[in-house]
Amino acid sequence: MGETFTVNQKQYLEGFFAGVSQRSSMPFLGQNAAGQFTDNPAEAEESVYGTPVEDLCKEEQIKLERNGLDIWDTIVSDSEAKQFPQGGDVFRYKFHGLFHVAPAQDSFMLRCRIAGCALKSFQLAGLAEIAEDWGGGYADVTTRGNFQIREIMPPNTVSVLTKLDEIGLTSKGSGADNLRNITASPTSGFDPDEVLDVLPYAKAMHHYILNNRDLYGLPRKFNISFDNGGRVSVCADTNDIAFYAVSVGEGQGVEPGIYFRVQLCGITGHKQFASDTGLLVEPSKAVPLAAAMVRVFIEHGDRTNRKKARLKYLIDDWGVEKFLEETQQKVAFDLVKLPLEQCEPRLPVLKHGHIGVYDEKTAGYNYIGVVIPVGRMLPEQMKSIAKLADQYGRGEVRLTAWQNLIIPGIKDEDVEAVKAAIIEAGFHYSSTTISGGLVACTGNAGCKYAASNTKSHALQLAEFLEQEIHLDQPINIHLTGCPHSCAQHYIGDIGLIGAKVKVGEESVEGYAVVLGGGVDDKQAIAHEVFPGTAFEELKPLLLRVLQTYQEKREGQETFWEFTRRHSADELKALFSVAA
């Protein structure tokens, strides 16, 4: 140790320390929270679109740690190990449409993507096989014109996702903070009253999302819908972005023709419909515009507070004009505005036009809307409908936002045969039954948030009311298990919100009752008339409500018209007298 360094050693050490000195004085380059480049290390901090990492909410931290699209190997290894995902992977699995829904069901729920609500018959049969082979032996049509399959166990997840791909479907991005199933009017392409066939635009949006990785991992979920201006509602005004096909005539300051009007910020669980922005967009520009708007949301949406992370809250903070200014910077065409009244008024939506037999735009052909009570189908029923679509239709079905389905392309001479086959399959096609207007979320049989067993209660309620009263006007009853409002209770003629109700010393399942909701030309948020009511007491209560409506209405007044011309207090008094 006492030896001195040689000349060579001294030269090496001098060079080493000189290099260290140079590296320590290397100019710094980084980015601050706003994404700007800086030479100051103190200003540089890791962020997600300007939000410092330490401020991100739990879900954003999970996404930052590992992208949900990158866990295929984990899904495979978990499947081989017969185990459920752990930690942050529970959230990441949702990027692939797999939801571990414990404790309600200690299994997975699969949510598909069905672009524009249009399904080929062989795809419906394939979904039936998935439910039969690896699920709980049933499948549910959802309020986004989609399918869910439940009770899938870990060893079967890879088989399910592979089969889904083989039948030309996917579940990628159907859960978590992603763009959900793109919906379109279910009669697009064959509706005699439609302004524009919007299915191609919904499909284009669907495939654009699937093929652009940066459109995954939004601040929160995001809904987009295309309305064809025809008979059947797709509830577009409940979406974050709603495109409505409209006609513009001569002398309005723009080229006459077909356009989309753009509405923003529908979120009916928060009692808000989408509002018209004034924008008039050529159909070819709808998908680019939506892509730009989504990216503005990605860059500026709240990633710190999940309760304030929807598009509504960004626009509440900014105002519509600032949002449109930011959007304008991302598109290569000018955003054009035109007052709504300068567009041709749309025809009224046909309530329950998704149920029953209706003519198509091609003479001699019809579509038949099938009642699927609360959207639940057994595999053999799914196969029967697929066979009907092949034998008598065009080999396709359309799913609706009302948890029913439509078989298009039925020749006049085949209508009676198809109606008989629908009944034989265990379904119906009547729009004036209670079952024809039932909408129900999963409920506490499959969702940890729900306070009530909505699907079971809906079927019991329909059976009771159909025995006691005959309707001559269609009516919608929406049952949702919690304030998340997956069944959109605020837009039903009658909306039921799950609640725990005290009966003596016991807590039982029940519902608060809201009345008078609607969408489209009957747009209205229902108002609460009855607080939490035990389910067994609810059945005679709703019977009195419907009987009173039939006794007190003016002429052929609809339930919506009847409830909207009375205040909540007037309705309470009216139904109390009846009681």
# chains A, B, ... in the order shown; residues from 1 in each chain; ligands from 1
call {"tool": "select_by_dssp", "arguments": {"residues": "stretch 117-333 of chain A", "states": "helix (DSSP H, G or I)", "output": "number ranges by chain"}}
result
A: 117, 121-133, 154-166, 199-210, 213-215, 236-238, 268-270, 283-300, 306-308, 311-318, 320-328
call {"tool": "residues_around", "arguments": {"residues": "stretch 182-187 of chain A", "least_positions_apart": "2", "cutoff": "8 Å", "atoms": "only C-alpha atoms", "output": "ChimeraX atom specification"}}
result
/A:113-118,144-145,179-180,189-191,198-199,202-203,205-206,223-228,230-234,398-400,406
call {"tool": "residues_around", "arguments": {"residues": "A:Lys387", "least_positions_apart": "5", "cutoff": "12 Å", "atoms": "only C-alpha atoms", "output": "PyMOL selection string"}}
result
chain A and resi 120-125+380-382+392-397+407+418+421-422+425
call {"tool": "write_last_selection", "arguments": {"atoms": "all heavy atoms", "output": "compact mmCIF listing (two decimals), in the first residue's frame"}}
result
# COMPACT_ATOMS: atom_id res chain seq x y z
N LYS A 120 -72.85 -10.63 -37.12
CA LYS A 120 -73.13 -11.70 -38.07
C LYS A 120 -73.71 -12.90 -37.33
O LYS A 120 -73.39 -13.14 -36.17
CB LYS A 120 -71.86 -12.11 -38.83
CG LYS A 120 -71.26 -11.01 -39.69
CD LYS A 120 -72.19 -10.62 -40.83
CE LYS A 120 -71.54 -9.59 -41.76
NZ LYS A 120 -72.46 -9.16 -42.83
N SER A 121 -74.54 -13.65 -38.02
CA SER A 121 -75.20 -14.78 -37.37
C SER A 121 -74.19 -15.81 -36.86
O SER A 121 -74.35 -16.38 -35.77
CB SER A 121 -76.21 -15.44 -38.32
OG SER A 121 -75.58 -15.81 -39.53
N PHE A 122 -73.11 -16.06 -37.61
CA PHE A 122 -72.12 -17.03 -37.14
C PHE A 122 -71.38 -16.51 -35.91
O PHE A 122 -70.92 -17.30 -35.07
CB PHE A 122 -71.13 -17.38 -38.27
CG PHE A 122 -70.11 -16.32 -38.60
CD1 PHE A 122 -68.92 -16.22 -37.89
CD2 PHE A 122 -70.36 -15.41 -39.62
CE1 PHE A 122 -67.98 -15.24 -38.20
CE2 PHE A 122 -69.43 -14.43 -39.93
CZ PHE A 122 -68.24 -14.34 -39.23
N GLN A 123 -71.29 -15.18 -35.77
CA GLN A 123 -70.67 -14.62 -34.57
C GLN A 123 -71.57 -14.81 -33.36
O GLN A 123 -71.10 -15.11 -32.27
CB GLN A 123 -70.36 -13.14 -34.79
CG GLN A 123 -69.29 -12.89 -35.85
CD GLN A 123 -69.10 -11.42 -36.17
OE1 GLN A 123 -70.07 -10.65 -36.21
NE2 GLN A 123 -67.87 -11.01 -36.40
N LEU A 124 -72.89 -14.64 -33.55
CA LEU A 124 -73.83 -14.90 -32.47
C LEU A 124 -73.76 -16.36 -32.04
O LEU A 124 -73.76 -16.67 -30.83
CB LEU A 124 -75.25 -14.54 -32.92
CG LEU A 124 -76.37 -14.76 -31.90
CD1 LEU A 124 -76.14 -13.93 -30.64
CD2 LEU A 124 -77.73 -14.41 -32.51
N ALA A 125 -73.68 -17.27 -33.00
CA ALA A 125 -73.56 -18.69 -32.66
C ALA A 125 -72.23 -18.96 -31.95
O ALA A 125 -72.18 -19.77 -31.01
CB ALA A 125 -73.66 -19.52 -33.93
N GLU A 380 -78.80 -22.02 -26.49
CA GLU A 380 -79.66 -22.59 -27.52
C GLU A 380 -80.57 -21.54 -28.14
O GLU A 380 -80.93 -21.62 -29.33
CB GLU A 380 -80.51 -23.74 -26.94
CG GLU A 380 -81.38 -23.39 -25.77
CD GLU A 380 -80.71 -23.67 -24.42
OE1 GLU A 380 -79.46 -23.60 -24.34
OE2 GLU A 380 -81.45 -23.94 -23.45
N GLN A 381 -80.93 -20.51 -27.36
CA GLN A 381 -81.73 -19.41 -27.91
C GLN A 381 -80.90 -18.56 -28.86
O GLN A 381 -81.39 -18.13 -29.91
CB GLN A 381 -82.27 -18.54 -26.77
CG GLN A 381 -83.29 -19.23 -25.89
CD GLN A 381 -83.69 -18.39 -24.69
OE1 GLN A 381 -82.85 -17.76 -24.04
NE2 GLN A 381 -84.98 -18.39 -24.38
N MET A 382 -79.65 -18.32 -28.51
CA MET A 382 -78.76 -17.56 -29.39
C MET A 382 -78.57 -18.29 -30.72
O MET A 382 -78.61 -17.68 -31.79
CB MET A 382 -77.41 -17.34 -28.70
CG MET A 382 -77.51 -16.52 -27.41
SD MET A 382 -76.01 -16.61 -26.39
CE MET A 382 -74.89 -15.56 -27.32
N TYR A 392 -83.92 -17.02 -42.94
CA TYR A 392 -84.93 -16.10 -43.44
C TYR A 392 -84.41 -14.68 -43.68
O TYR A 392 -85.06 -13.90 -44.38
CB TYR A 392 -86.11 -16.02 -42.46
CG TYR A 392 -86.87 -17.32 -42.31
CD1 TYR A 392 -86.71 -18.09 -41.17
CD2 TYR A 392 -87.73 -17.75 -43.30
CE1 TYR A 392 -87.42 -19.29 -41.02
CE2 TYR A 392 -88.45 -18.94 -43.16
CZ TYR A 392 -88.29 -19.70 -42.02
OH TYR A 392 -88.99 -20.87 -41.88
N GLY A 393 -83.29 -14.32 -43.07
CA GLY A 393 -82.79 -12.96 -43.17
C GLY A 393 -81.53 -12.85 -44.00
O GLY A 393 -81.30 -13.62 -44.94
N ARG A 394 -80.67 -11.90 -43.60
CA ARG A 394 -79.43 -11.65 -44.33
C ARG A 394 -78.21 -12.16 -43.58
O ARG A 394 -77.08 -11.72 -43.81
CB ARG A 394 -79.28 -10.15 -44.61
CG ARG A 394 -80.29 -9.60 -45.60
CD ARG A 394 -79.95 -8.19 -46.05
NE ARG A 394 -80.20 -7.21 -45.00
CZ ARG A 394 -81.36 -6.55 -44.87
NH1 ARG A 394 -82.35 -6.78 -45.72
NH2 ARG A 394 -81.53 -5.67 -43.91
N GLY A 395 -78.44 -13.06 -42.64
CA GLY A 395 -77.32 -13.62 -41.90
C GLY A 395 -76.71 -12.66 -40.90
O GLY A 395 -75.52 -12.74 -40.60
N GLU A 396 -77.53 -11.75 -40.36
CA GLU A 396 -77.03 -10.82 -39.35
C GLU A 396 -78.15 -10.48 -38.37
O GLU A 396 -79.33 -10.67 -38.64
CB GLU A 396 -76.51 -9.53 -40.00
CG GLU A 396 -77.58 -8.69 -40.67
CD GLU A 396 -77.07 -7.33 -41.12
OE1 GLU A 396 -76.10 -6.83 -40.52
OE2 GLU A 396 -77.66 -6.75 -42.05
N VAL A 397 -77.74 -10.00 -37.21
CA VAL A 397 -78.67 -9.43 -36.23
C VAL A 397 -78.12 -8.09 -35.80
O VAL A 397 -76.92 -7.82 -35.91
CB VAL A 397 -78.87 -10.35 -35.00
CG1 VAL A 397 -79.48 -11.68 -35.39
CG2 VAL A 397 -77.55 -10.56 -34.25
N ILE A 407 -83.85 -8.75 -36.18
CA ILE A 407 -83.48 -9.61 -37.30
C ILE A 407 -83.94 -8.90 -38.58
O ILE A 407 -85.15 -8.77 -38.82
CB ILE A 407 -84.16 -10.99 -37.22
CG1 ILE A 407 -83.92 -11.64 -35.85
CG2 ILE A 407 -83.64 -11.90 -38.34
CD1 ILE A 407 -84.67 -12.95 -35.65
N VAL A 418 -91.31 -16.61 -39.12
CA VAL A 418 -90.29 -16.10 -38.21
C VAL A 418 -90.91 -15.75 -36.85
O VAL A 418 -90.34 -16.04 -35.79
CB VAL A 418 -89.56 -14.88 -38.82
CG1 VAL A 418 -88.59 -14.28 -37.80
CG2 VAL A 418 -88.81 -15.29 -40.08
N ALA A 421 -91.33 -18.87 -34.95
CA ALA A 421 -90.05 -19.40 -34.50
C ALA A 421 -89.49 -18.60 -33.32
O ALA A 421 -88.85 -19.16 -32.42
CB ALA A 421 -89.05 -19.40 -35.65
N ILE A 422 -89.76 -17.30 -33.31
CA ILE A 422 -89.32 -16.46 -32.19
C ILE A 422 -90.02 -16.91 -30.91
O ILE A 422 -89.38 -17.04 -29.85
CB ILE A 422 -89.61 -14.97 -32.49
CG1 ILE A 422 -88.65 -14.46 -33.56
CG2 ILE A 422 -89.50 -14.13 -31.22
CD1 ILE A 422 -89.01 -13.09 -34.11
N ALA A 425 -88.64 -20.10 -29.63
CA ALA A 425 -87.33 -19.92 -28.98
C ALA A 425 -87.45 -19.37 -27.56
O ALA A 425 -86.45 -19.28 -26.85
CB ALA A 425 -86.45 -19.00 -29.81
call {"tool": "atom_distance", "arguments": {"atom1": "atom CA of A:Val160", "atom2": "atom CA of A:Ile75"}}
result
11.6 Å
call {"tool": "residues_around", "arguments": {"residues": "A:Glu561", "least_positions_apart": "2", "cutoff": "12 Å", "atoms": "only C-alpha atoms", "output": "ChimeraX atom specification"}}
result
/A:473,475,493,515-518,521-524,549,552-559,563-567
call {"tool": "write_last_selection", "arguments": {"atoms": "C-alpha atoms", "output": "PDB file, in the first residue's frame"}}
result
ATOM      1  CA  GLN A 473     -99.094   2.161 -25.012  1.00  0.00           C
ATOM      2  CA  ILE A 475     -93.600   1.808 -21.588  1.00  0.00           C
ATOM      3  CA  ASP A 493     -90.599   6.085 -18.121  1.00  0.00           C
ATOM      4  CA  LEU A 515     -90.696   8.859 -13.234  1.00  0.00           C
ATOM      5  CA  GLY A 516     -90.823  10.669 -16.564  1.00  0.00           C
ATOM      6  CA  GLY A 517     -87.453  10.097 -18.204  1.00  0.00           C
ATOM      7  CA  GLY A 518     -86.852   9.976 -21.943  1.00  0.00           C
ATOM      8  CA  ASP A 521     -87.334  14.042 -28.971  1.00  0.00           C
ATOM      9  CA  LYS A 522     -88.684  13.052 -25.512  1.00  0.00           C
ATOM     10  CA  GLN A 523     -85.466  13.992 -23.751  1.00  0.00           C
ATOM     11  CA  ALA A 524     -85.938  14.386 -19.991  1.00  0.00           C
ATOM     12  CA  TYR A 549    -102.153   6.745 -15.395  1.00  0.00           C
ATOM     13  CA  LYS A 552    -106.367   9.951 -15.447  1.00  0.00           C
ATOM     14  CA  ARG A 553    -104.638  10.377 -18.807  1.00  0.00           C
ATOM     15  CA  GLU A 554    -106.032  12.582 -21.524  1.00  0.00           C
ATOM     16  CA  GLY A 555    -107.087  10.517 -24.546  1.00  0.00           C
ATOM     17  CA  GLN A 556    -104.230   8.315 -25.753  1.00  0.00           C
ATOM     18  CA  GLU A 557    -101.648  10.270 -23.783  1.00  0.00           C
ATOM     19  CA  THR A 558     -98.406   8.359 -23.285  1.00  0.00           C
ATOM     20  CA  PHE A 559     -96.983   7.695 -19.846  1.00  0.00           C
ATOM     21  CA  THR A 563     -95.778  12.327 -16.043  1.00  0.00           C
ATOM     22  CA  ARG A 564     -94.160  15.355 -17.695  1.00  0.00           C
ATOM     23  CA  ARG A 565     -97.260  17.544 -17.367  1.00  0.00           C
ATOM     24  CA  HIS A 566     -97.301  16.930 -13.604  1.00  0.00           C
ATOM     25  CA  SER A 567     -94.672  18.004 -11.079  1.00  0.00           C
TER      26      SER A 567
END
call {"tool": "atom_distance", "arguments": {"atom1": "atom CA of A:Phe260", "atom2": "atom CA of A:Asp193"}}
result
16.0 Å
call {"tool": "atom_distance", "arguments": {"atom1": "atom CA of A:Glu255", "atom2": "atom CA of A:Asp240"}}
result
27.7 Å
call {"tool": "select_by_dssp", "arguments": {"residues": "stretch 322-550 of chain A", "states": "strand (DSSP E or B)", "output": "compact mmCIF listing (two decimals) with N, CA and C atoms, in the first residue's frame"}}
result
# COMPACT_ATOMS: atom_id res chain seq x y z
N VAL A 336 -67.05 24.07 -38.77
CA VAL A 336 -68.13 24.91 -39.26
C VAL A 336 -69.31 24.84 -38.31
N LYS A 337 -69.92 25.98 -38.05
CA LYS A 337 -71.10 26.02 -37.18
C LYS A 337 -72.33 26.46 -37.98
N GLY A 356 -91.19 -5.65 -32.63
CA GLY A 356 -92.29 -5.85 -33.56
C GLY A 356 -91.83 -5.95 -35.00
N VAL A 357 -92.79 -5.93 -35.94
CA VAL A 357 -92.53 -6.10 -37.36
C VAL A 357 -92.66 -4.75 -38.07
N TYR A 358 -91.63 -4.36 -38.82
CA TYR A 358 -91.63 -3.08 -39.53
C TYR A 358 -91.05 -3.26 -40.94
N ASP A 359 -91.55 -2.46 -41.86
CA ASP A 359 -91.06 -2.54 -43.23
C ASP A 359 -89.68 -1.91 -43.35
N TYR A 365 -89.46 -6.38 -47.91
CA TYR A 365 -88.61 -6.86 -46.83
C TYR A 365 -88.98 -6.16 -45.52
N ASN A 366 -88.72 -6.85 -44.41
CA ASN A 366 -89.08 -6.35 -43.07
C ASN A 366 -87.97 -6.67 -42.08
N TYR A 367 -87.97 -5.91 -41.00
CA TYR A 367 -87.16 -6.31 -39.85
C TYR A 367 -88.09 -6.62 -38.69
N ILE A 368 -87.67 -7.55 -37.84
CA ILE A 368 -88.48 -7.95 -36.68
C ILE A 368 -87.66 -7.74 -35.42
N GLY A 369 -88.20 -6.90 -34.53
CA GLY A 369 -87.56 -6.67 -33.25
C GLY A 369 -88.03 -7.68 -32.23
N VAL A 370 -87.08 -8.34 -31.58
CA VAL A 370 -87.37 -9.45 -30.67
C VAL A 370 -87.20 -8.99 -29.22
N VAL A 371 -88.20 -9.27 -28.38
CA VAL A 371 -88.12 -8.97 -26.95
C VAL A 371 -87.20 -9.98 -26.29
N ARG A 376 -81.21 -11.22 -21.35
CA ARG A 376 -80.57 -12.52 -21.07
C ARG A 376 -80.97 -13.57 -22.10
N MET A 377 -79.97 -14.28 -22.63
CA MET A 377 -80.19 -15.33 -23.63
C MET A 377 -79.43 -16.59 -23.23
N GLU A 396 -77.53 -11.75 -40.36
CA GLU A 396 -77.03 -10.82 -39.35
C GLU A 396 -78.15 -10.48 -38.37
N VAL A 397 -77.74 -10.00 -37.21
CA VAL A 397 -78.67 -9.43 -36.23
C VAL A 397 -78.12 -8.09 -35.80
N ARG A 398 -79.00 -7.24 -35.32
CA ARG A 398 -78.59 -5.95 -34.77
C ARG A 398 -79.00 -5.90 -33.30
N LEU A 399 -78.08 -5.52 -32.45
CA LEU A 399 -78.36 -5.38 -31.02
C LEU A 399 -78.77 -3.94 -30.72
N LEU A 405 -82.95 -7.36 -29.64
CA LEU A 405 -82.25 -7.52 -30.91
C LEU A 405 -83.23 -7.47 -32.07
N ILE A 406 -82.68 -7.20 -33.24
CA ILE A 406 -83.46 -7.06 -34.47
C ILE A 406 -82.92 -8.05 -35.50
N ILE A 407 -83.85 -8.75 -36.18
CA ILE A 407 -83.48 -9.61 -37.30
C ILE A 407 -83.94 -8.90 -38.58
N PRO A 408 -83.01 -8.43 -39.40
CA PRO A 408 -83.40 -7.72 -40.63
C PRO A 408 -83.49 -8.65 -41.83
N GLY A 409 -84.09 -8.11 -42.91
CA GLY A 409 -84.08 -8.82 -44.19
C GLY A 409 -85.09 -9.94 -44.30
N ILE A 410 -86.23 -9.84 -43.61
CA ILE A 410 -87.25 -10.88 -43.65
C ILE A 410 -88.26 -10.57 -44.77
N LYS A 411 -88.44 -11.48 -45.70
CA LYS A 411 -89.41 -11.28 -46.78
C LYS A 411 -90.83 -11.29 -46.23
N HIS A 428 -90.53 -13.06 -27.70
CA HIS A 428 -91.75 -12.51 -28.28
C HIS A 428 -91.41 -11.27 -29.09
N LEU A 438 -88.45 -3.68 -20.65
CA LEU A 438 -87.60 -3.89 -19.48
C LEU A 438 -86.14 -3.68 -19.83
N VAL A 439 -85.43 -2.94 -18.99
CA VAL A 439 -83.98 -2.80 -19.09
C VAL A 439 -83.43 -2.98 -17.68
N ALA A 440 -82.43 -3.84 -17.54
CA ALA A 440 -81.88 -4.08 -16.19
C ALA A 440 -80.38 -4.32 -16.28
N ILE A 477 -89.35 0.38 -18.34
CA ILE A 477 -89.01 0.32 -16.93
C ILE A 477 -87.54 -0.07 -16.84
N HIS A 478 -86.72 0.80 -16.27
CA HIS A 478 -85.28 0.58 -16.15
C HIS A 478 -84.93 0.30 -14.70
N LEU A 479 -84.25 -0.82 -14.44
CA LEU A 479 -83.81 -1.16 -13.09
C LEU A 479 -82.29 -1.13 -13.04
N THR A 480 -81.76 -0.30 -12.18
CA THR A 480 -80.30 -0.22 -12.03
C THR A 480 -79.96 -0.42 -10.56
N ILE A 494 -90.27 4.72 -16.18
CA ILE A 494 -90.14 4.40 -14.76
C ILE A 494 -88.71 3.94 -14.53
N GLY A 495 -88.02 4.60 -13.63
CA GLY A 495 -86.65 4.22 -13.29
C GLY A 495 -86.59 3.75 -11.86
N LEU A 496 -85.91 2.64 -11.63
CA LEU A 496 -85.79 2.06 -10.29
C LEU A 496 -84.31 1.97 -9.93
N ILE A 497 -83.95 2.57 -8.80
CA ILE A 497 -82.55 2.62 -8.36
C ILE A 497 -82.41 1.77 -7.10
N GLY A 498 -81.57 0.74 -7.18
CA GLY A 498 -81.42 -0.19 -6.07
C GLY A 498 -81.04 0.49 -4.77
N ALA A 499 -81.64 0.00 -3.67
CA ALA A 499 -81.37 0.57 -2.35
C ALA A 499 -81.67 -0.49 -1.30
N LYS A 500 -80.99 -0.39 -0.17
CA LYS A 500 -81.33 -1.22 0.98
C LYS A 500 -82.39 -0.48 1.79
N VAL A 501 -83.46 -1.19 2.14
CA VAL A 501 -84.61 -0.58 2.80
C VAL A 501 -84.86 -1.27 4.12
N LYS A 502 -85.10 -0.50 5.17
CA LYS A 502 -85.39 -1.04 6.50
C LYS A 502 -86.85 -1.46 6.58
N VAL A 503 -87.09 -2.73 6.92
CA VAL A 503 -88.43 -3.23 7.20
C VAL A 503 -88.37 -3.83 8.59
N GLU A 506 -85.07 -5.49 9.91
CA GLU A 506 -84.38 -6.15 8.81
C GLU A 506 -84.12 -5.19 7.67
N SER A 507 -82.98 -5.36 7.01
CA SER A 507 -82.64 -4.59 5.81
C SER A 507 -82.90 -5.47 4.59
N VAL A 508 -83.77 -5.00 3.70
CA VAL A 508 -84.14 -5.79 2.53
C VAL A 508 -83.84 -5.01 1.26
N GLU A 509 -83.87 -5.74 0.13
CA GLU A 509 -83.60 -5.11 -1.15
C GLU A 509 -84.83 -4.33 -1.63
N GLY A 510 -84.57 -3.14 -2.14
CA GLY A 510 -85.66 -2.31 -2.63
C GLY A 510 -85.16 -1.31 -3.65
N TYR A 511 -86.01 -0.32 -3.94
CA TYR A 511 -85.69 0.66 -4.98
C TYR A 511 -86.32 2.01 -4.67
N ALA A 512 -85.60 3.06 -5.04
CA ALA A 512 -86.22 4.38 -5.15
C ALA A 512 -86.82 4.46 -6.55
N VAL A 513 -87.90 5.24 -6.70
CA VAL A 513 -88.64 5.29 -7.97
C VAL A 513 -88.58 6.68 -8.56
N VAL A 514 -88.11 6.77 -9.83
CA VAL A 514 -88.13 8.04 -10.56
C VAL A 514 -89.05 7.85 -11.76
N LEU A 515 -89.71 8.93 -12.16
CA LEU A 515 -90.70 8.86 -13.23
C LEU A 515 -90.47 9.96 -14.27
N GLY A 518 -86.76 10.25 -20.52
CA GLY A 518 -86.85 9.98 -21.94
C GLY A 518 -85.61 10.43 -22.67
N ALA A 524 -85.62 13.89 -21.34
CA ALA A 524 -85.94 14.39 -19.99
C ALA A 524 -85.25 13.50 -18.95
N HIS A 527 -87.68 12.41 -12.50
CA HIS A 527 -87.59 12.96 -11.16
C HIS A 527 -88.10 11.96 -10.13
N GLU A 528 -87.50 12.00 -8.94
CA GLU A 528 -87.86 11.03 -7.91
C GLU A 528 -89.25 11.33 -7.35
N VAL A 529 -90.06 10.28 -7.28
CA VAL A 529 -91.41 10.40 -6.74
C VAL A 529 -91.56 9.59 -5.45
N PHE A 530 -90.92 8.41 -5.41
CA PHE A 530 -90.99 7.58 -4.21
C PHE A 530 -89.57 7.26 -3.73
N PRO A 531 -89.29 7.39 -2.45
CA PRO A 531 -87.97 7.01 -1.92
C PRO A 531 -87.87 5.49 -1.84
N GLY A 532 -86.81 5.01 -1.19
CA GLY A 532 -86.56 3.57 -1.10
C GLY A 532 -87.79 2.79 -0.66
N THR A 533 -88.17 1.82 -1.48
CA THR A 533 -89.36 1.00 -1.22
C THR A 533 -88.97 -0.46 -1.36
N ALA A 534 -89.33 -1.30 -0.39
CA ALA A 534 -89.02 -2.73 -0.46
C ALA A 534 -89.62 -3.32 -1.73
call {"tool": "closest_residue", "arguments": {"among": "A:Ala445, A:Cys343, A:Leu69, A:Ala274", "to": "A:Gly253", "atoms": "only C-alpha atoms"}}
result
A:Cys343
